[in-house]
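Next comes target-v3.pdb, a file with PDB, C-alpha atoms.
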MODEL        1
ATOM      1  CA  MET A   1     141.451  66.327  50.214
ATOM      2  CA  PRO A   2     141.595  63.914  47.246
ATOM      3  CA  VAL A   3     138.822  65.953  45.601
ATOM      4  CA  LEU A   4     140.884  69.109  46.095
ATOM      5  CA  MET A   5     143.965  67.443  44.664
ATOM      6  CA  ARG A   6     142.019  66.196  41.665
ATOM      7  CA  THR A   7     140.588  69.655  41.097
ATOM      8  CA  LEU A   8     144.041  71.214  41.340
ATOM      9  CA  ALA A   9     145.441  68.633  38.945
ATOM     10  CA  ALA A  10     142.644  69.342  36.463
ATOM     11  CA  VAL A  11     143.259  73.089  36.686
ATOM     12  CA  LEU A  12     146.988  72.629  36.179
ATOM     13  CA  LEU A  13     146.399  70.347  33.202
ATOM     14  CA  THR A  14     144.049  72.914  31.682
ATOM     15  CA  VAL A  15     146.517  75.747  32.156
ATOM     16  CA  PHE A  16     149.320  73.627  30.716
ATOM     17  CA  CYS A  17     147.240  72.725  27.646
ATOM     18  CA  LEU A  18     146.542  76.398  27.131
ATOM     19  CA  VAL A  19     149.949  77.855  27.788
ATOM     20  CA  ALA A  20     152.315  75.307  26.291
ATOM     21  CA  PRO A  21     151.367  75.716  22.606
ATOM     22  CA  VAL A  22     151.256  79.489  22.927
ATOM     23  CA  ALA A  23     154.627  79.563  24.590
ATOM     24  CA  ALA A  24     156.015  77.274  21.908
ATOM     25  CA  ALA A  25     154.562  79.529  19.225
ATOM     26  CA  GLN A  26     156.169  82.583  20.732
ATOM     27  CA  SER A  27     159.640  81.108  21.156
ATOM     28  CA  ALA A  28     161.154  82.201  17.867
ATOM     29  CA  PRO A  29     164.820  81.373  17.247
ATOM     30  CA  SER A  30     167.069  84.276  18.190
ATOM     31  CA  THR A  31     169.448  85.645  15.586
ATOM     32  CA  SER A  32     172.885  86.974  16.350
ATOM     33  CA  GLN A  33     172.605  89.756  13.747
ATOM     34  CA  PRO A  34     170.249  92.642  14.531
ATOM     35  CA  PRO A  35     167.460  92.933  11.923
ATOM     36  CA  LYS A  36     167.867  95.491   9.165
ATOM     37  CA  PRO A  37     165.660  98.528   9.761
ATOM     38  CA  GLN A  38     162.769  98.615   7.339
ATOM     39  CA  SER A  39     161.914 101.744   5.449
ATOM     40  CA  GLU A  40     158.321 100.991   4.571
ATOM     41  CA  TYR A  41     155.227  98.965   5.527
ATOM     42  CA  VAL A  42     155.559  95.197   5.009
ATOM     43  CA  PRO A  43     152.372  93.141   4.552
ATOM     44  CA  ILE A  44     152.055  90.455   7.221
ATOM     45  CA  ASP A  45     152.028  87.580   4.711
ATOM     46  CA  GLN A  46     155.386  88.781   3.341
ATOM     47  CA  LEU A  47     157.163  88.732   6.687
ATOM     48  CA  PRO A  48     160.130  86.377   7.094
ATOM     49  CA  PRO A  49     159.144  83.057   8.708
ATOM     50  CA  GLN A  50     160.826  83.845  12.050
ATOM     51  CA  ASP A  51     158.650  86.980  12.405
ATOM     52  CA  GLN A  52     155.361  85.225  11.670
ATOM     53  CA  LEU A  53     153.188  83.906  14.483
ATOM     54  CA  PRO A  54     151.820  80.449  13.609
ATOM     55  CA  ALA A  55     148.026  80.250  13.840
ATOM     56  CA  ALA A  56     147.636  76.512  14.410
ATOM     57  CA  PRO A  57     148.855  76.437  18.062
ATOM     58  CA  LEU A  58     146.489  79.286  18.949
ATOM     59  CA  LEU A  59     143.586  77.587  17.183
ATOM     60  CA  ILE A  60     144.281  74.209  18.799
ATOM     61  CA  SER A  61     144.671  75.867  22.200
ATOM     62  CA  ALA A  62     141.308  77.618  21.845
ATOM     63  CA  TYR A  63     139.393  74.505  20.801
ATOM     64  CA  SER A  64     141.146  72.318  23.406
ATOM     65  CA  PHE A  65     140.367  74.824  26.113
ATOM     66  CA  VAL A  66     136.655  74.920  25.202
ATOM     67  CA  MET A  67     136.380  71.124  25.207
ATOM     68  CA  ILE A  68     138.289  70.767  28.503
ATOM     69  CA  VAL A  69     136.206  73.444  30.257
ATOM     70  CA  PHE A  70     132.890  71.898  29.220
ATOM     71  CA  PHE A  71     134.095  68.385  30.014
ATOM     72  CA  LEU A  72     135.198  69.397  33.513
ATOM     73  CA  TYR A  73     131.963  71.301  34.107
ATOM     74  CA  VAL A  74     129.798  68.352  33.046
ATOM     75  CA  VAL A  75     131.835  66.022  35.298
ATOM     76  CA  SER A  76     131.501  68.466  38.201
ATOM     77  CA  LEU A  77     127.753  68.804  37.652
ATOM     78  CA  ALA A  78     127.299  65.021  37.430
ATOM     79  CA  ARG A  79     129.251  64.478  40.665
ATOM     80  CA  ARG A  80     127.211  67.101  42.520
ATOM     81  CA  LEU A  81     123.932  65.680  41.211
ATOM     82  CA  THR A  82     124.904  62.134  42.182
ATOM     83  CA  SER A  83     125.988  63.214  45.646
ATOM     84  CA  VAL A  84     122.790  65.158  46.372
ATOM     85  CA  GLN A  85     120.612  62.387  44.935
ATOM     86  CA  ARG A  86     122.359  59.851  47.193
ATOM     87  CA  ASP A  87     121.678  62.038  50.249
ATOM     88  CA  VAL A  88     118.034  62.518  49.231
ATOM     89  CA  ASP A  89     117.574  58.759  48.842
ATOM     90  CA  ARG A  90     119.285  58.047  52.178
ATOM     91  CA  LEU A  91     117.222  60.604  54.105
ATOM     92  CA  GLY A  92     114.047  59.536  52.315
ATOM     93  CA  ALA A  93     114.699  55.937  53.372
ATOM     94  CA  THR A  94     115.403  57.017  56.965
ATOM     95  CA  LEU A  95     112.156  58.992  57.163
ATOM     96  CA  LYS A  96     110.224  56.132  55.604
ATOM     97  CA  HIS A  97     111.751  53.700  58.101
ATOM     98  CA  THR A  98     110.652  55.879  61.033
ATOM     99  CA  GLY A  99     107.136  55.972  59.611
ATOM    100  CA  LYS A 100     106.711  59.741  59.242
ATOM    101  CA  PRO A 101     106.915  61.350  55.752
TER     102      PRO A 101
ATOM    103  CA  MET B   1     114.015  64.723  34.938
ATOM    104  CA  PRO B   2     112.111  65.670  31.745
ATOM    105  CA  LYS B   3     111.977  63.085  28.932
ATOM    106  CA  TRP B   4     113.440  65.437  26.337
ATOM    107  CA  LEU B   5     116.655  66.028  28.302
ATOM    108  CA  MET B   6     118.500  62.818  27.410
ATOM    109  CA  PRO B   7     117.767  63.003  23.635
ATOM    110  CA  ALA B   8     118.707  66.696  23.692
ATOM    111  CA  ALA B   9     121.988  65.888  25.447
ATOM    112  CA  ILE B  10     122.782  63.166  22.875
ATOM    113  CA  VAL B  11     121.994  65.491  19.946
ATOM    114  CA  CYS B  12     124.138  68.193  21.557
ATOM    115  CA  GLY B  13     127.055  65.774  21.986
ATOM    116  CA  VAL B  14     126.809  64.614  18.357
ATOM    117  CA  MET B  15     126.677  68.221  17.152
ATOM    118  CA  PHE B  16     129.832  69.076  19.095
ATOM    119  CA  VAL B  17     131.647  66.006  17.763
ATOM    120  CA  LEU B  18     130.726  66.997  14.193
ATOM    121  CA  SER B  19     131.453  70.706  14.668
ATOM    122  CA  PRO B  20     135.200  70.544  13.818
ATOM    123  CA  PHE B  21     134.302  69.004  10.429
ATOM    124  CA  VAL B  22     131.689  71.693   9.752
ATOM    125  CA  ILE B  23     134.138  74.417  10.769
ATOM    126  CA  ALA B  24     136.893  72.905   8.624
ATOM    127  CA  SER B  25     134.587  73.184   5.614
ATOM    128  CA  ALA B  26     134.219  76.956   6.112
ATOM    129  CA  ASP B  27     136.092  79.313   3.799
ATOM    130  CA  TYR B  28     139.287  80.935   5.018
ATOM    131  CA  GLU B  29     138.968  84.613   5.897
ATOM    132  CA  SER B  30     141.312  86.500   3.542
ATOM    133  CA  THR B  31     143.265  88.633   6.023
ATOM    134  CA  MET B  32     143.403  86.473   9.157
ATOM    135  CA  GLY B  33     143.551  83.000   7.634
ATOM    136  CA  LEU B  34     143.417  79.913   9.852
ATOM    137  CA  VAL B  35     143.192  81.681  13.216
ATOM    138  CA  GLN B  36     139.852  83.251  12.238
ATOM    139  CA  LYS B  37     138.267  79.824  12.727
ATOM    140  CA  ILE B  38     138.360  80.471  16.501
ATOM    141  CA  PHE B  39     135.390  82.728  15.688
ATOM    142  CA  TYR B  40     133.083  79.686  15.308
ATOM    143  CA  TYR B  41     133.427  78.843  18.999
ATOM    144  CA  HIS B  42     134.185  82.317  20.322
ATOM    145  CA  MET B  43     131.078  84.103  19.078
ATOM    146  CA  PRO B  44     128.484  81.427  20.036
ATOM    147  CA  SER B  45     130.006  81.157  23.515
ATOM    148  CA  ALA B  46     129.886  84.961  23.799
ATOM    149  CA  TRP B  47     126.196  84.919  22.837
ATOM    150  CA  MET B  48     125.435  82.205  25.404
ATOM    151  CA  PHE B  49     127.398  84.234  27.966
ATOM    152  CA  LEU B  50     125.088  87.201  27.325
ATOM    153  CA  ILE B  51     121.925  85.052  27.184
ATOM    154  CA  SER B  52     122.867  83.493  30.550
ATOM    155  CA  GLY B  53     123.158  87.008  31.962
ATOM    156  CA  ILE B  54     119.713  87.897  30.602
ATOM    157  CA  VAL B  55     118.162  84.673  31.959
ATOM    158  CA  CYS B  56     119.738  85.355  35.356
ATOM    159  CA  GLY B  57     118.396  88.928  35.365
ATOM    160  CA  VAL B  58     114.866  88.046  34.216
ATOM    161  CA  ALA B  59     114.609  85.175  36.717
ATOM    162  CA  SER B  60     115.906  87.488  39.456
ATOM    163  CA  VAL B  61     113.237  90.118  38.667
ATOM    164  CA  ARG B  62     110.544  87.452  38.758
ATOM    165  CA  PHE B  63     111.942  86.174  42.061
ATOM    166  CA  LEU B  64     111.944  89.681  43.563
ATOM    167  CA  ILE B  65     108.346  90.273  42.434
ATOM    168  CA  THR B  66     106.790  86.895  43.218
ATOM    169  CA  GLY B  67     109.161  85.446  45.842
ATOM    170  CA  ASP B  68     108.906  82.091  44.042
ATOM    171  CA  ALA B  69     111.985  79.975  44.805
ATOM    172  CA  ARG B  70     111.844  78.354  41.336
ATOM    173  CA  HIS B  71     112.912  81.643  39.742
ATOM    174  CA  ASP B  72     115.717  81.996  42.284
ATOM    175  CA  ARG B  73     117.005  78.538  41.365
ATOM    176  CA  THR B  74     116.934  79.419  37.659
ATOM    177  CA  ALA B  75     118.844  82.647  38.341
ATOM    178  CA  TRP B  76     121.505  80.800  40.322
ATOM    179  CA  ALA B  77     121.927  78.192  37.582
ATOM    180  CA  ALA B  78     122.151  80.867  34.881
ATOM    181  CA  ALA B  79     124.785  82.805  36.846
ATOM    182  CA  GLU B  80     126.974  79.706  37.067
ATOM    183  CA  LEU B  81     126.624  79.130  33.320
ATOM    184  CA  ALA B  82     127.464  82.785  32.687
ATOM    185  CA  VAL B  83     130.762  82.158  34.484
ATOM    186  CA  ILE B  84     131.467  79.070  32.350
ATOM    187  CA  PHE B  85     130.535  80.586  28.979
ATOM    188  CA  GLY B  86     132.239  83.838  29.988
ATOM    189  CA  LEU B  87     135.453  81.964  30.747
ATOM    190  CA  VAL B  88     135.345  80.349  27.300
ATOM    191  CA  THR B  89     134.688  83.720  25.652
ATOM    192  CA  LEU B  90     137.402  85.554  27.568
ATOM    193  CA  VAL B  91     140.031  82.907  26.780
ATOM    194  CA  THR B  92     139.242  82.149  23.120
ATOM    195  CA  GLY B  93     138.988  85.865  22.263
ATOM    196  CA  PRO B  94     142.526  86.750  23.370
ATOM    197  CA  LEU B  95     143.943  83.658  21.615
ATOM    198  CA  TRP B  96     142.381  84.907  18.381
ATOM    199  CA  ALA B  97     143.443  88.501  19.091
ATOM    200  CA  ARG B  98     147.094  87.510  19.617
ATOM    201  CA  LYS B  99     147.373  86.644  15.948
ATOM    202  CA  ALA B 100     144.796  89.033  14.477
ATOM    203  CA  TRP B 101     145.610  92.170  16.517
ATOM    204  CA  GLY B 102     149.135  91.387  17.689
ATOM    205  CA  THR B 103     148.124  91.508  21.358
ATOM    206  CA  PHE B 104     146.169  89.294  23.739
ATOM    207  CA  TRP B 105     144.046  92.079  25.196
ATOM    208  CA  ILE B 106     142.957  95.659  24.628
ATOM    209  CA  TRP B 107     141.036  97.686  27.180
ATOM    210  CA  ASP B 108     138.265  98.776  24.810
ATOM    211  CA  ALA B 109     134.556  99.049  25.673
ATOM    212  CA  ARG B 110     133.620  95.524  24.468
ATOM    213  CA  THR B 111     136.371  93.560  26.194
ATOM    214  CA  THR B 112     136.289  95.615  29.399
ATOM    215  CA  SER B 113     132.498  95.432  29.779
ATOM    216  CA  SER B 114     132.619  91.686  29.061
ATOM    217  CA  LEU B 115     135.193  91.267  31.823
ATOM    218  CA  VAL B 116     132.964  93.298  34.164
ATOM    219  CA  GLN B 117     129.995  91.074  33.242
ATOM    220  CA  TRP B 118     132.027  87.979  34.053
ATOM    221  CA  MET B 119     133.037  89.451  37.414
ATOM    222  CA  VAL B 120     129.385  90.321  38.172
ATOM    223  CA  ALA B 121     128.479  86.661  37.560
ATOM    224  CA  TRP B 122     131.313  85.593  39.896
ATOM    225  CA  ALA B 123     130.122  88.127  42.494
ATOM    226  CA  TYR B 124     126.610  86.636  42.271
ATOM    227  CA  LEU B 125     127.947  83.132  42.936
ATOM    228  CA  ILE B 126     130.221  84.261  45.782
ATOM    229  CA  LEU B 127     127.326  86.158  47.359
ATOM    230  CA  ARG B 128     125.078  83.093  47.152
ATOM    231  CA  ARG B 129     127.781  80.822  48.551
ATOM    232  CA  TYR B 130     128.990  82.976  51.458
ATOM    233  CA  GLY B 131     126.289  85.648  51.884
ATOM    234  CA  GLY B 132     124.199  83.696  54.390
ATOM    235  CA  PRO B 133     120.426  84.040  54.855
ATOM    236  CA  GLY B 134     118.867  86.797  52.776
ATOM    237  CA  SER B 135     121.675  86.832  50.221
ATOM    238  CA  GLU B 136     119.295  85.634  47.507
ATOM    239  CA  LYS B 137     117.642  89.072  47.325
ATOM    240  CA  LEU B 138     120.952  90.908  47.349
ATOM    241  CA  ALA B 139     122.201  88.613  44.586
ATOM    242  CA  ALA B 140     119.012  89.211  42.596
ATOM    243  CA  GLY B 141     119.690  92.950  42.761
ATOM    244  CA  LEU B 142     123.243  92.353  41.573
ATOM    245  CA  ALA B 143     121.920  90.280  38.654
ATOM    246  CA  LEU B 144     119.919  93.286  37.468
ATOM    247  CA  PHE B 145     123.152  95.252  37.020
ATOM    248  CA  GLY B 146     124.536  92.336  35.031
ATOM    249  CA  THR B 147     121.506  92.328  32.741
ATOM    250  CA  ALA B 148     121.782  96.067  32.142
ATOM    251  CA  ASN B 149     125.428  95.530  31.228
ATOM    252  CA  VAL B 150     124.474  92.940  28.575
ATOM    253  CA  ALA B 151     122.885  95.622  26.378
ATOM    254  CA  PHE B 152     125.961  97.792  26.854
ATOM    255  CA  ILE B 153     128.286  94.946  25.815
ATOM    256  CA  TYR B 154     126.264  94.287  22.656
ATOM    257  CA  VAL B 155     126.129  97.865  21.353
ATOM    258  CA  SER B 156     129.549  98.967  22.629
ATOM    259  CA  VAL B 157     131.355  98.023  19.403
ATOM    260  CA  ASN B 158     129.028 100.272  17.391
ATOM    261  CA  TYR B 159     129.437 103.383  19.557
ATOM    262  CA  TRP B 160     133.043 103.361  20.806
ATOM    263  CA  ARG B 161     136.239 103.267  18.790
ATOM    264  CA  THR B 162     137.661  99.746  18.819
ATOM    265  CA  ILE B 163     139.344  97.191  16.589
ATOM    266  CA  HIS B 164     136.804  94.563  17.683
ATOM    267  CA  PRO B 165     134.478  93.695  14.731
ATOM    268  CA  PRO B 166     131.071  95.467  14.868
ATOM    269  CA  THR B 167     127.710  93.660  15.174
ATOM    270  CA  SER B 168     127.051  94.181  11.442
ATOM    271  CA  VAL B 169     129.598  91.480  10.482
ATOM    272  CA  VAL B 170     127.394  88.433  11.146
ATOM    273  CA  PRO B 171     124.468  89.311   8.790
ATOM    274  CA  LYS B 172     126.945  89.940   5.957
ATOM    275  CA  LEU B 173     128.677  86.555   6.156
ATOM    276  CA  PRO B 174     128.509  84.400   3.013
ATOM    277  CA  PHE B 175     126.772  81.012   3.290
ATOM    278  CA  THR B 176     130.069  79.100   3.433
ATOM    279  CA  MET B 177     130.962  80.957   6.640
ATOM    280  CA  GLY B 178     127.428  81.619   7.888
ATOM    281  CA  PHE B 179     126.341  77.969   7.957
ATOM    282  CA  PRO B 180     129.197  76.797  10.242
ATOM    283  CA  LEU B 181     128.566  79.788  12.483
ATOM    284  CA  TRP B 182     124.831  79.123  12.879
ATOM    285  CA  TYR B 183     125.537  75.408  13.317
ATOM    286  CA  CYS B 184     127.835  76.255  16.236
ATOM    287  CA  VAL B 185     125.309  78.748  17.618
ATOM    288  CA  ALA B 186     122.672  75.971  17.609
ATOM    289  CA  SER B 187     125.134  73.573  19.326
ATOM    290  CA  PHE B 188     126.001  76.071  22.041
ATOM    291  CA  ALA B 189     122.332  77.038  22.524
ATOM    292  CA  LEU B 190     121.383  73.389  22.996
ATOM    293  CA  LEU B 191     124.289  72.951  25.404
ATOM    294  CA  LEU B 192     123.103  75.966  27.383
ATOM    295  CA  VAL B 193     119.542  74.587  27.621
ATOM    296  CA  VAL B 194     120.736  71.123  28.724
ATOM    297  CA  LEU B 195     123.225  72.454  31.287
ATOM    298  CA  LEU B 196     120.717  74.983  32.607
ATOM    299  CA  LYS B 197     118.104  72.276  33.116
ATOM    300  CA  LEU B 198     120.627  70.010  34.881
ATOM    301  CA  ARG B 199     121.868  72.840  37.086
ATOM    302  CA  VAL B 200     118.301  73.812  38.035
ATOM    303  CA  ARG B 201     117.674  70.131  38.811
ATOM    304  CA  LEU B 202     120.639  70.218  41.222
ATOM    305  CA  GLU B 203     119.121  73.185  43.078
ATOM    306  CA  GLU B 204     115.733  71.413  43.205
ATOM    307  CA  GLN B 205     117.391  68.360  44.749
ATOM    308  CA  ARG B 206     119.206  70.540  47.266
ATOM    309  CA  ALA B 207     115.894  72.197  48.226
ATOM    310  CA  MET B 208     114.344  68.749  48.649
ATOM    311  CA  LEU B 209     117.298  67.689  50.803
ATOM    312  CA  ASP B 210     116.810  70.728  53.049
ATOM    313  CA  SER B 211     113.113  69.920  53.488
ATOM    314  CA  LEU B 212     113.990  66.301  54.336
ATOM    315  CA  TYR B 213     116.475  67.461  56.974
ATOM    316  CA  LEU B 214     113.758  69.699  58.449
ATOM    317  CA  SER B 215     111.346  66.750  58.565
ATOM    318  CA  LEU B 216     113.996  64.657  60.303
ATOM    319  CA  ASP B 217     114.625  67.396  62.873
ATOM    320  CA  GLU B 218     110.902  67.626  63.582
ATOM    321  CA  GLN B 219     110.824  63.896  64.346
ATOM    322  CA  ARG B 220     113.597  64.176  66.945
TER     323      ARG B 220
ENDMDL
END
Mind turning this structure into C-alpha cells?
Amino acid sequence: MPVLMRTLAAVLLTVFCLVAPVAAAQSAPSTSQPPKPQSEYVPIDQLPPQDQLPAAPLLISAYSFVMIVFFLYVVSLARRLTSVQRDVDRLGATLKHTGKP
Amino acid sequence: MPKWLMPAAIVCGVMFVLSPFVIASADYESTMGLVQKIFYYHMPSAWMFLISGIVCGVASVRFLITGDARHDRTAWAAAELAVIFGLVTLVTGPLWARKAWGTFWIWDARTTSSLVQWMVAWAYLILRRYGGPGSEKLAAGLALFGTANVAFIYVSVNYWRTIHPPTSVVPKLPFTMGFPLWYCVASFALLLVVLLKLRVRLEEQRAMLDSLYLSLDEQR
C-alpha cells in the first residue's frame, strides 16, 4: 500500500508540474469591453500582450516533465533491480545451505 | 553487469546536466522564438521512441526464429522504453504545438500513428504482464506490427498534408542549431543504451530467480 501511495503521489506531482504552468499561461485577464473586430491579418508578434501566449511556461513544463519522467523511471528500475537481486541472493543462500545447487 | 555501464551512465548524466546550457546557446528560430527550444528534447526522444520500437521488433523476430529467451528479454525491455520515450514525445510535442500551432493536438498522420505506436507498446507490456504462458509469442507478433508502423511514422510527414515539419528540416539546420540537436541526440541515445542494458539485466535476474525457485521445489 505505501508503494501504491508513493506512486500515486509521484503521478499527481508530475501532473501538477505539467498542468499548473500551462493553466497559468492560459488564464489571461478578462476585459469588460468586447474586442474590436479586426479587418485584416495581424502578425503574431504584433498582438496585444493579453492575446499572446507566453512560451516560457510551456518550455519549462516540457523540460521539467522530461526530467521527472526519467528520474521516476530510473528510481523504479533501481527498486525493481534491488528487490530481485535481494531475492536471488536469499534463495541462492538457502540452496547453498541445503547443499544442493 | 558490464564494466562500461557505470562510466556510460556517468557520462550520460553529465551530458544531461550540461544540455540546458548547450540548448541555451542555440539560435532562436525566427517565427516560433523561445518555445522552439522544446525541439531539442522532443525530436531526440521521438527518435529513441522509434528506435526502441525497431529494437523490440528485431528482437521479437529473432526470438520467433530461434526461440532464444535472450532476444525475448531484449524485446520486453525495448517495449518498456518505447512507452517511456513515447510518453516524453507525446507530451513535449503538444506543449510545443500549443504555442506554434495554436492547439495541443491535431489528428494528422504523424501524430496519430505515433499515438498508435505508443498504444502498441502498451499493448505489448499488458500482454506480457497478464497474458499468461505463451504470451511471449503473441507479444512478439504484436511487436512486428509496431515495427512496421515505425516506417510509416517516419515518412508520414512527407506524404500526407500536415503542419508538422517534414524530415528534410534536420539536414538543413545551421551549425548553431544543429550542434545542440546532435548533442541531445547523443545524450538520449546513450540514455537509451544504459536503460536498455539495465532493463535487460532485470529480466535476466528474474529468469535466474525462476530457475532458483525451480531448484528449491525439486529439493522439497
Written as number ranges by chain, what is the full residue list that the PyMOL selection byres ((chain A and resi 63) around 10) yields on the file shown?
A: 18, 58-62, 64-68; B: 20, 37-38, 40-42, 88, 92
Which value, in Å to one decimal, gives the distance between atom CA of Val61 of chain B and atom CA of Gly146 of chain B?
12.1 Å
Output the residue selection produced by the ChimeraX specification (/A :<10) & /B on the file above, formatted as a ChimeraX atom specification.
/B:16,20,31-42,45,81,84-85,87-89,91-100,102,191,195,198-199,201-213,215-216,218-219
Val193 of chain B environment, 10 Å, only C-alpha atoms, sequence neighbours closer than 5 positions dropped, as an mmCIF file with C-alpha atoms, keeping the file's coordinate frame:
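Wrote it out as result-v3.cif, contents follow:
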data_model
loop_
_atom_site.group_PDB
_atom_site.id
_atom_site.type_symbol
_atom_site.label_atom_id
_atom_site.label_comp_id
_atom_site.auth_asym_id
_atom_site.auth_seq_id
_atom_site.Cartn_x
_atom_site.Cartn_y
_atom_site.Cartn_z
ATOM 1 C CA LEU B 5 116.655 66.028 28.302
ATOM 2 C CA ALA B 8 118.707 66.696 23.692
ATOM 3 C CA ALA B 9 121.988 65.888 25.447
ATOM 4 C CA CYS B 12 124.138 68.193 21.557
ATOM 5 C CA MET B 48 125.435 82.205 25.404
ATOM 6 C CA SER B 52 122.867 83.493 30.550
ATOM 7 C CA ALA B 78 122.151 80.867 34.881
ATOM 8 C CA PHE B 188 126.001 76.071 22.041
ATOM 9 C CA LEU B 198 120.627 70.010 34.881
ATOM 10 C CA ARG B 199 121.868 72.840 37.086
#
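Atom pair atom CA of Pro174 of chain B / atom CA of Ser156 of chain B: separated by 24.5 Å.
In this model, the gap between atom CA of Cys56 of chain B and atom CA of Tyr124 of chain B comes to 9.8 Å.
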Near Val169 of chain B, counting all atoms listed in the file, which residues have an atom at most 12 Å away, once you skip same-chain residues fewer than 4 positions from it, shown as an MDAnalysis selection string?
chainID B and resid 39 43 157:158 164:165 173:174 177:178 181
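Residues captured in this structure file are Gly57, Ser60, Val61, Phe63, Leu64, Asp72, Ala75, Glu136, Lys137, Leu138, Ala139, Gly141, Leu142, Ala143 and Leu144 of chain B, according to the PyMOL selection byres ((chain B and resi 140) around 8).
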To test the calculation: enclose all listed atoms of segment 99-108 of chain B in a box whose edges run along x, y and z, add 5 Å on each side, then state centre and edge lengths in Å to one decimal, as lines of an AutoDock Vina configuration file.
center_x = 143.7
center_y = 92.7
center_z = 20.8
size_x = 20.9
size_y = 22.1
size_z = 22.7
Within 8 Å of Ser25 of chain B, counting only C-alpha atoms, which residues qualify if same-chain residues fewer than 4 places away don't, as a ChimeraX atom specification?
/B:21,176,180
N, CA and C atoms for segment 134-147 of chain B, written as a PDB file, in the frame of the given file, could you do that?
ATOM      1  N   GLY B 134     119.235  85.508  53.357  1.00  0.00           N
ATOM      2  CA  GLY B 134     118.867  86.797  52.776  1.00  0.00           C
ATOM      3  C   GLY B 134     119.709  87.208  51.583  1.00  0.00           C
ATOM      4  N   SER B 135     120.779  86.449  51.326  1.00  0.00           N
ATOM      5  CA  SER B 135     121.675  86.832  50.221  1.00  0.00           C
ATOM      6  C   SER B 135     121.011  86.664  48.860  1.00  0.00           C
ATOM      7  N   GLU B 136     119.927  85.861  48.802  1.00  0.00           N
ATOM      8  CA  GLU B 136     119.295  85.634  47.507  1.00  0.00           C
ATOM      9  C   GLU B 136     118.696  86.927  46.938  1.00  0.00           C
ATOM     10  N   LYS B 137     118.213  87.812  47.806  1.00  0.00           N
ATOM     11  CA  LYS B 137     117.642  89.072  47.325  1.00  0.00           C
ATOM     12  C   LYS B 137     118.744  90.068  46.941  1.00  0.00           C
ATOM     13  N   LEU B 138     119.811  90.063  47.717  1.00  0.00           N
ATOM     14  CA  LEU B 138     120.952  90.908  47.349  1.00  0.00           C
ATOM     15  C   LEU B 138     121.517  90.472  46.004  1.00  0.00           C
ATOM     16  N   ALA B 139     121.662  89.152  45.842  1.00  0.00           N
ATOM     17  CA  ALA B 139     122.201  88.613  44.586  1.00  0.00           C
ATOM     18  C   ALA B 139     121.275  88.927  43.419  1.00  0.00           C
ATOM     19  N   ALA B 140     119.964  88.893  43.661  1.00  0.00           N
ATOM     20  CA  ALA B 140     119.012  89.211  42.596  1.00  0.00           C
ATOM     21  C   ALA B 140     119.182  90.661  42.148  1.00  0.00           C
ATOM     22  N   GLY B 141     119.429  91.552  43.111  1.00  0.00           N
ATOM     23  CA  GLY B 141     119.690  92.950  42.761  1.00  0.00           C
ATOM     24  C   GLY B 141     120.952  93.091  41.946  1.00  0.00           C
ATOM     25  N   LEU B 142     121.978  92.325  42.325  1.00  0.00           N
ATOM     26  CA  LEU B 142     123.243  92.353  41.573  1.00  0.00           C
ATOM     27  C   LEU B 142     123.034  91.860  40.139  1.00  0.00           C
ATOM     28  N   ALA B 143     122.181  90.837  39.990  1.00  0.00           N
ATOM     29  CA  ALA B 143     121.920  90.280  38.654  1.00  0.00           C
ATOM     30  C   ALA B 143     121.282  91.313  37.730  1.00  0.00           C
ATOM     31  N   LEU B 144     120.530  92.242  38.296  1.00  0.00           N
ATOM     32  CA  LEU B 144     119.919  93.286  37.468  1.00  0.00           C
ATOM     33  C   LEU B 144     120.993  94.168  36.827  1.00  0.00           C
ATOM     34  N   PHE B 145     122.046  94.483  37.584  1.00  0.00           N
ATOM     35  CA  PHE B 145     123.152  95.252  37.020  1.00  0.00           C
ATOM     36  C   PHE B 145     123.807  94.476  35.872  1.00  0.00           C
ATOM     37  N   GLY B 146     123.949  93.176  36.077  1.00  0.00           N
ATOM     38  CA  GLY B 146     124.536  92.336  35.031  1.00  0.00           C
ATOM     39  C   GLY B 146     123.700  92.359  33.765  1.00  0.00           C
ATOM     40  N   THR B 147     122.383  92.320  33.919  1.00  0.00           N
ATOM     41  CA  THR B 147     121.506  92.328  32.741  1.00  0.00           C
ATOM     42  C   THR B 147     121.576  93.673  32.006  1.00  0.00           C
TER      43      THR B 147
END
